[in-house]
Amino acid sequence: MTANETVATAMPPQSAGVPVGDVVYFDARYIQKSEVTVSPDDRGFLLGDGVYEVAAAYDGRFVALDRHLGRLKKSLAEARIDVSVADPLESVFQELLERNGFAERGKAMVYLQVTRGVSPRTHAFPKVPVRPTVYAFAAPFPDMGDLASGISAITRPDLRWSRCDIKVISLIANVLANQEAKENGSFEAILVRDGVALEGTHTSFFAVKDDVVMTAPLSNLILPGITREIVLELCHRTGLSVNEQAVPAHTLPQADELFITGTTIEVAPVVVLDGRPVGDGAPGPVTTRIAELYRAAIVAGRQ
Ligand SMILES: Cc1ncc(COP(=O)(O)O)c(C=O)c1O
């Protein structure tokens, strides 16, 4: 048996009809994922030199796609990759849903990344300008179990660089911390720098104390989460008090509630932190209310 045959037999069986998620966007073309060939000289592959974006769609309608495209453009500009590559990408998000059969029903996500392109390896930008590599795929939401009943998390030192506001593909510090969480039986690691809890490895982080919702302010130390932004707007609109101030890690055991947010995670209560129950160990009323508000905003297409 060849290596390819081994891989083929290990793949889950395809559903009948349109193969779900098999059509991807690569180098300005819609092709089968199996037809993609990434150059070994791609700077994303060699250097982690690229940025990415993830947007979610419910029944074919994206949540805040304009905000995701805005953040992508900002990431490209900060990374000094040609921002004009983003111009045709709004239609790519929509087209991938349609070509993969996700445009009608259910929850799907589109992942899109842009690398600086293909060029012999140097740290500095290629001497001769090259075309950025754009790759995008659609997939059903990852099955993460029932997050609404609460997840457990651990705190870990934040070992990332100091431009966490750019959504870069080089994620090894996030990967290592999230793996530690998984090995601990937890869902997420909350990253702590200089004594304050900033965000998760792939989520924004919130604490609730005396009915005040607290989260780290936007800075170079966190990703400006789109879900975070929508949640804060919903809090303001519904009169929930917000304090955009990073939560000192030593106060976390006294928090009434903790929760995380993210594009595919939505709003998930943290009911256990570092092995100890948060509050009474069940999703709290403020988190539950925010999760309901978020879900209602998505269903109504109001974000
Ligand atoms: C480090 C980090 N923080 C926060 C988030 C949540 O951002 P969003 O709500 O835009 O998905 C993510 C998402 O990938 C992330 O990687």
# chains A, B, ... in the order shown; residues from 1 in each chain; ligands from 1
>>> residues_around(residues="region 277-290 of chain A", least_positions_apart="4", cutoff="7 Å", atoms="only C-alpha atoms", output="CSV table (one decimal) with N, CA and C atoms, in the first residue's frame")
chain,number,residue,atom,x,y,z
A,149,SER,N,-22.6,24.7,28.6
A,149,SER,CA,-22.7,24.2,30.0
A,149,SER,C,-21.4,24.5,30.7
A,150,GLY,N,-20.5,25.1,30.1
A,150,GLY,CA,-19.3,25.6,30.7
A,150,GLY,C,-18.0,24.8,30.4
A,253,PRO,N,-9.6,34.1,41.3
A,253,PRO,CA,-10.4,33.1,42.2
A,253,PRO,C,-11.6,33.8,42.9
A,255,ALA,N,-13.5,36.0,41.2
A,255,ALA,CA,-14.5,36.4,40.2
A,255,ALA,C,-15.8,35.7,40.4
A,256,ASP,N,-16.9,36.4,40.1
A,256,ASP,CA,-18.3,35.8,40.2
A,256,ASP,C,-18.4,34.9,39.0
A,257,GLU,N,-18.0,35.4,37.8
A,257,GLU,CA,-18.1,34.6,36.6
A,257,GLU,C,-16.9,34.9,35.7
A,259,PHE,N,-15.8,34.2,31.4
A,259,PHE,CA,-16.3,33.6,30.1
A,259,PHE,C,-15.3,34.0,29.0
A,269,PRO,N,-19.1,30.0,29.0
A,269,PRO,CA,-18.8,30.2,30.4
A,269,PRO,C,-17.5,29.4,30.8
A,271,VAL,N,-16.3,27.6,33.9
A,271,VAL,CA,-16.8,27.2,35.2
A,271,VAL,C,-15.7,26.6,36.1
A,272,VAL,N,-14.6,26.3,35.5
A,272,VAL,CA,-13.5,25.8,36.4
A,272,VAL,C,-12.2,26.5,35.9
A,273,LEU,N,-11.5,27.1,36.8
A,273,LEU,CA,-10.2,27.7,36.4
A,273,LEU,C,-9.1,27.1,37.3
A,294,TYR,N,-26.1,37.6,22.4
A,294,TYR,CA,-25.2,37.3,21.2
A,294,TYR,C,-25.9,36.5,20.2
>>> residues_around(residues="Phe141 (chain A)", least_positions_apart="4", cutoff="6 Å", atoms="only C-alpha atoms", output="CSV table (one decimal) with C-alpha atoms, in the first residue's frame")
chain,number,residue,atom,x,y,z
A,107,LYS,CA,-23.1,26.8,10.8
A,108,ALA,CA,-20.0,27.0,8.8
A,109,MET,CA,-16.7,28.9,9.0
>>> atom_distance(atom1="CA of Glu244 (chain A)", atom2="CA of Val213 (chain A)")
8.1 Å
>>> residues_near_ligand(ligand="ligand 1", cutoff="8 Å", atoms="only C-alpha atoms and all ligand atoms", output="ChimeraX atom specification")
/A:53-55,68,164,167,174,199-205,222-229,261-266
>>> write_last_selection(atoms="C-alpha atoms", output="PDB file, in the first residue's frame")
ATOM      1  CA  GLU A  53      -8.837  35.624   9.307  1.00  0.00           C
ATOM      2  CA  VAL A  54     -11.779  33.433  10.304  1.00  0.00           C
ATOM      3  CA  ALA A  55     -15.448  34.324   9.832  1.00  0.00           C
ATOM      4  CA  HIS A  68     -13.463  40.607   9.674  1.00  0.00           C
ATOM      5  CA  CYS A 164      -0.678  40.233  19.495  1.00  0.00           C
ATOM      6  CA  LYS A 167      -3.666  38.135  13.447  1.00  0.00           C
ATOM      7  CA  ASN A 174      -0.643  29.800  21.387  1.00  0.00           C
ATOM      8  CA  GLU A 199      -6.962  36.582  26.624  1.00  0.00           C
ATOM      9  CA  GLY A 200      -7.106  32.918  25.718  1.00  0.00           C
ATOM     10  CA  THR A 201      -4.957  31.142  23.125  1.00  0.00           C
ATOM     11  CA  HIS A 202      -7.775  31.529  20.574  1.00  0.00           C
ATOM     12  CA  THR A 203     -10.422  33.448  22.511  1.00  0.00           C
ATOM     13  CA  SER A 204     -11.058  36.770  24.225  1.00  0.00           C
ATOM     14  CA  PHE A 205     -11.424  36.626  28.011  1.00  0.00           C
ATOM     15  CA  ILE A 222      -4.445  41.282  22.652  1.00  0.00           C
ATOM     16  CA  LEU A 223      -6.191  40.487  19.398  1.00  0.00           C
ATOM     17  CA  PRO A 224      -9.102  42.867  18.811  1.00  0.00           C
ATOM     18  CA  GLY A 225     -11.666  40.056  18.862  1.00  0.00           C
ATOM     19  CA  ILE A 226     -14.727  40.688  16.701  1.00  0.00           C
ATOM     20  CA  THR A 227     -16.911  38.706  19.112  1.00  0.00           C
ATOM     21  CA  ARG A 228     -15.429  40.720  21.991  1.00  0.00           C
ATOM     22  CA  GLU A 229     -16.386  43.934  20.187  1.00  0.00           C
ATOM     23  CA  THR A 261     -15.633  34.551  23.343  1.00  0.00           C
ATOM     24  CA  GLY A 262     -14.654  33.766  19.774  1.00  0.00           C
ATOM     25  CA  THR A 263     -16.029  33.497  16.266  1.00  0.00           C
ATOM     26  CA  THR A 264     -16.700  29.751  16.397  1.00  0.00           C
ATOM     27  CA  ILE A 265     -17.024  29.542  20.187  1.00  0.00           C
ATOM     28  CA  GLU A 266     -19.528  32.414  20.562  1.00  0.00           C
TER      29      GLU A 266
END
>>> select_by_dssp(residues="region 37-66 of chain A", states="alpha helix (DSSP H)", output="short mmCIF file (atom, residue, chain, number, x, y, z; two decimals) with N, CA and C atoms, in the first residue's frame")
data_model
loop_
_atom_site.label_atom_id
_atom_site.label_comp_id
_atom_site.auth_asym_id
_atom_site.auth_seq_id
_atom_site.Cartn_x
_atom_site.Cartn_y
_atom_site.Cartn_z
N ARG A 43 6.78 31.68 2.01
CA ARG A 43 7.26 32.29 3.25
C ARG A 43 6.34 31.98 4.43
N GLY A 44 5.10 31.60 4.14
CA GLY A 44 4.24 31.16 5.23
C GLY A 44 4.76 29.85 5.79
N PHE A 45 5.13 28.94 4.89
CA PHE A 45 5.64 27.62 5.27
C PHE A 45 7.00 27.74 5.96
N LEU A 46 7.91 28.55 5.40
CA LEU A 46 9.28 28.62 5.92
C LEU A 46 9.41 29.49 7.16
N LEU A 47 8.65 30.61 7.18
CA LEU A 47 8.90 31.64 8.20
C LEU A 47 7.67 31.99 9.04
N LEU A 65 -19.06 40.23 8.60
CA LEU A 65 -17.99 40.01 7.63
C LEU A 65 -17.20 41.29 7.35
N ASP A 66 -17.90 42.43 7.36
CA ASP A 66 -17.19 43.70 7.13
C ASP A 66 -16.12 43.93 8.20
#
>>> closest_atom_pairs(of="region 13-86 of chain A", to="region 110-130 of chain A", cutoff="10 Å", atoms="only C-alpha atoms", output="tab-separated table")
residue	atom	partner	partner_atom	distance
A:Gly21	CA	A:Val110	CA	9.7
A:Val24	CA	A:Leu112	CA	9.9
A:Tyr25	CA	A:Leu112	CA	8.7
A:Phe26	CA	A:Leu112	CA	9.8
A:Val38	CA	A:Val118	CA	9.1
A:Ser39	CA	A:Val118	CA	6.8
A:Pro40	CA	A:Val118	CA	8.2
A:Asp41	CA	A:Val118	CA	5.2
A:Asp42	CA	A:Val118	CA	4.1
A:Arg43	CA	A:Gly117	CA	5.7
A:Gly44	CA	A:Thr115	CA	5.1
A:Phe45	CA	A:Thr115	CA	8.6
A:Leu46	CA	A:Arg121	CA	7.3
A:Leu47	CA	A:His123	CA	8.1
A:Gly48	CA	A:Thr115	CA	8.0
A:Asp49	CA	A:Thr115	CA	5.8
A:Gly50	CA	A:Thr115	CA	3.9
A:Val51	CA	A:Val114	CA	5.5
A:Tyr52	CA	A:Gln113	CA	4.0
A:Glu53	CA	A:Leu112	CA	5.4
A:Val54	CA	A:Tyr111	CA	4.6
A:Ala55	CA	A:Val110	CA	5.5
A:Ala56	CA	A:Val110	CA	6.5
A:Ala57	CA	A:Val110	CA	8.0
A:Phe62	CA	A:Val110	CA	9.4
A:Leu72	CA	A:Gln113	CA	9.2
A:Ser75	CA	A:Val114	CA	9.9
A:Leu76	CA	A:Val114	CA	8.2
A:Ala79	CA	A:Arg116	CA	8.9
A:Arg80	CA	A:Arg116	CA	8.8
A:Ile81	CA	A:Arg116	CA	6.2
A:Asp82	CA	A:Arg116	CA	8.5
A:Val85	CA	A:Val114	CA	8.4
A:Ala86	CA	A:Val114	CA	9.0
>>> closest_residue(among="A:Ile31, A:Ala189, A:Ala64, A:Ala249", to="Ile298 (chain A)", atoms="only C-alpha atoms")
A:Ala64
>>> closest_residue(among="A:Val208, A:Val83, A:Leu221, A:Ile260", to="Leu240 (chain A)", atoms="only C-alpha atoms")
A:Val208
>>> residues_around(residues="Gln32 (chain A)", least_positions_apart="3", cutoff="8 Å", atoms="only C-alpha atoms", output="number ranges by chain")
A: 22-24, 35-36
>>> atom_distance(atom1="CA of Asp143 (chain A)", atom2="CA of Gly106 (chain A)")
12.7 Å
>>> closest_residue(among="A:Asn184, A:Thr133, A:Thr215, A:Asn220", to="Arg163 (chain A)", atoms="only C-alpha atoms")
A:Asn220
>>> atom_distance(atom1="CA of Asn100 (chain A)", atom2="CA of Val168 (chain A)")
26.1 Å
>>> residues_around(residues="Ala246 (chain A)", least_positions_apart="3", cutoff="7 Å", atoms="only C-alpha atoms", output="ChimeraX atom specification")
/A:196-198,215-217
>>> write_last_selection(atoms="N, CA and C atoms", output="compact mmCIF listing (two decimals), in the first residue's frame")
# COMPACT_ATOMS: atom_id res chain seq x y z
N VAL A 196 -1.46 40.26 34.75
CA VAL A 196 -2.86 40.42 34.36
C VAL A 196 -3.28 39.38 33.33
N ALA A 197 -4.54 38.95 33.42
CA ALA A 197 -5.08 37.96 32.49
C ALA A 197 -5.53 38.69 31.24
N LEU A 198 -4.98 38.34 30.08
CA LEU A 198 -5.22 39.11 28.86
C LEU A 198 -6.28 38.48 27.95
N THR A 215 -12.81 43.24 30.92
CA THR A 215 -11.96 42.59 29.91
C THR A 215 -10.79 43.50 29.60
N ALA A 216 -9.70 42.92 29.15
CA ALA A 216 -8.50 43.72 28.86
C ALA A 216 -8.81 44.76 27.78
N PRO A 217 -8.27 45.96 27.91
CA PRO A 217 -8.49 46.98 26.88
C PRO A 217 -7.72 46.62 25.61
>>> select_by_dssp(residues="region 75-225 of chain A", states="strand (DSSP E or B)", output="count of residues only")
47
>>> residues_around(residues="Met214 (chain A)", least_positions_apart="2", cutoff="7 Å", atoms="only C-alpha atoms", output="list of chain:residue names")
A:Phe206, A:Ala207, A:Val208, A:Val212, A:Val242, A:Asn243, A:Glu244, A:Gln245, A:Val247
>>> closest_residue(among="A:Lys73, A:Gly60, A:Gly301, A:Phe137", to="Leu96 (chain A)", atoms="only C-alpha atoms")
A:Phe137
